[in-house]
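Chemist: I'd like to ask you about the structure that follows.
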Amino acid sequence: MGEESQHCDRANRGSRCRLSATRREILTGMLVAAWPAISPALAEKQKGDIRVIHQLRIYEIFEANKAAFHARFRDHAIRIMKKYGFDFIALWETQPQGRTEFVYLLRWPDEQTMTDAWARFMADSEWSEIKERTATESGSMVGQITERVLRPTDYSEVI
């Protein structure tokens, strides 16, 4: 036990104990007030303990029409997906074991929002037309699709 705690426990009265408690309250108040500027993501998490989820999508793409795939995703898919609330964190390309993959990470407030947004996107008539047209022009652009829904642990930082 620290000296201040021993004093307050022993006496449990007097101005020093009240002053220490007041000092702690002031410092706590200052930290709470400054917290949003210190860490906006953690401050948001503290509001009702919001726990966002992430979705990792991995598409096998083909070297023969990789440029057409990227043009379609860049020029059309992202724009249409954003219309339905897709929040893109990052997009990558990787080449494990001799195959080319397009990988992207999405952020969602919850799984229901994610499920609803995907249903609306897949039903979008503009997207259907673009997929059909580009497949006719360039052939099949996507092979295997892998998806992971990432739920944070209770000790994870918010990203």
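Every chain in the structure tokens takes a letter, A first, then B, and so on in the order presented; its residues are numbered from 1, and the ligands are numbered from 1 following the presented order.
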Write out as a PyMOL selection string each polymer residue whose atoms come within 9 Å of A:Arg107, counting only C-alpha atoms; drop sequence neighbours fewer than 6 positions from it.

Modeler: chain A and resi 52-55+86-89+114+159

Chemist: Can you work out which one of A:Val149, A:Arg99, A:Arg120, A:Tyr155 has the shortest atom-to-atom distance to A:Ala64, counting only C-alpha atoms?

Modeler: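 Closest residue, counting only C-alpha atoms: A:Arg99.
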
Chemist: Would you mind writing down, as a ChimeraX atom specification, each residue of stretch 59-92 of chain A that DSSP on the backbone assigns to helix (DSSP H, G or I)?

Modeler: /A:63-83

Chemist: May I ask which of the residues A:Ser125, A:Thr136, A:Val142, A:Asp110 is the closest one to A:Phe73, counting only C-alpha atoms?

Modeler: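 Answer, going by the shortest atom-to-atom distance: A:Val142.
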
Chemist: Report as a ChimeraX atom specification all protein, DNA and RNA residues lying within 6 Å of A:Ile61, evaluated on only C-alpha atoms, omitting residues in the same chain fewer than 3 positions from it.

Modeler: /A:100-101,141-142

Chemist: Could you dump the residues just selected with N, CA, C and O atoms as an mmCIF file, in the first residue's frame?

Modeler:
```cif
data_model
loop_
_atom_site.group_PDB
_atom_site.id
_atom_site.type_symbol
_atom_site.label_atom_id
_atom_site.label_comp_id
_atom_site.auth_asym_id
_atom_site.auth_seq_id
_atom_site.Cartn_x
_atom_site.Cartn_y
_atom_site.Cartn_z
ATOM 1 N N THR A 100 -1.780 -16.083 -58.207
ATOM 2 C CA THR A 100 -1.923 -14.666 -57.907
ATOM 3 C C THR A 100 -3.220 -14.466 -57.135
ATOM 4 O O THR A 100 -4.268 -14.998 -57.520
ATOM 5 N N GLU A 101 -3.141 -13.702 -56.043
ATOM 6 C CA GLU A 101 -4.324 -13.427 -55.235
ATOM 7 C C GLU A 101 -4.501 -11.922 -55.045
ATOM 8 O O GLU A 101 -3.530 -11.187 -54.889
ATOM 9 N N MET A 141 -12.580 -13.984 -64.489
ATOM 10 C CA MET A 141 -11.528 -13.202 -63.831
ATOM 11 C C MET A 141 -11.214 -13.660 -62.424
ATOM 12 O O MET A 141 -10.174 -13.296 -61.881
ATOM 13 N N VAL A 142 -12.099 -14.418 -61.814
ATOM 14 C CA VAL A 142 -11.915 -14.818 -60.418
ATOM 15 C C VAL A 142 -12.096 -16.321 -60.308
ATOM 16 O O VAL A 142 -13.069 -16.884 -60.806
#
```

Chemist: Pick out the closest residue to A:Asp75 from this set: A:Trp127, A:Trp118, A:Ala90, A:Glu137. Count only C-alpha atoms.

Modeler: A:Trp127

Chemist: Taking only C-alpha atoms into account, which of A:Asp154, A:Glu111, A:Glu147, A:Asp124 comes nearest A:His76?

Modeler: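 Nearest candidate to A:His76 out of A:Asp154, A:Glu111, A:Glu147, A:Asp124: A:Asp124.
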
Chemist: Write out as a list in words each polymer residue whose atoms come within 10 Å of A:Phe102, counting only C-alpha atoms; drop sequence neighbours fewer than 5 positions from it.

Modeler: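 So, after excluding close chain neighbours, the residues are Arg57, Ile58, Tyr59, Glu60, Ile61, Phe62, Lys66, Phe69, His70, Leu91, Trp92, Glu93, Thr94, Gln95, Val142 and Ile145 of chain A.
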
Chemist: For atom CA of A:Ser140 and atom CA of A:Asn65, determine how far apart the two atoms are, in Å to one decimal place.

Modeler: 8.3 Å

Chemist: In Å, how far is it from atom CA of A:Ala117 to atom CA of A:Met81?

Modeler: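 If I compute the distance from atom CA of A:Ala117 to atom CA of A:Met81, I get 8.1 Å.
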
Chemist: Quick one: pull the distance between atom CA of A:Thr146 and atom CA of A:Val103, Å, one decimal.

Modeler: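 Distance reported for this atom pair: 9.4 Å.
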
Chemist: Would you please extract all strand (DSSP E) residues from stretch 101-151 of chain A, as assigned by DSSP on the backbone, and give them as a PyMOL selection string?

Modeler: chain A and resi 101-108+142-150
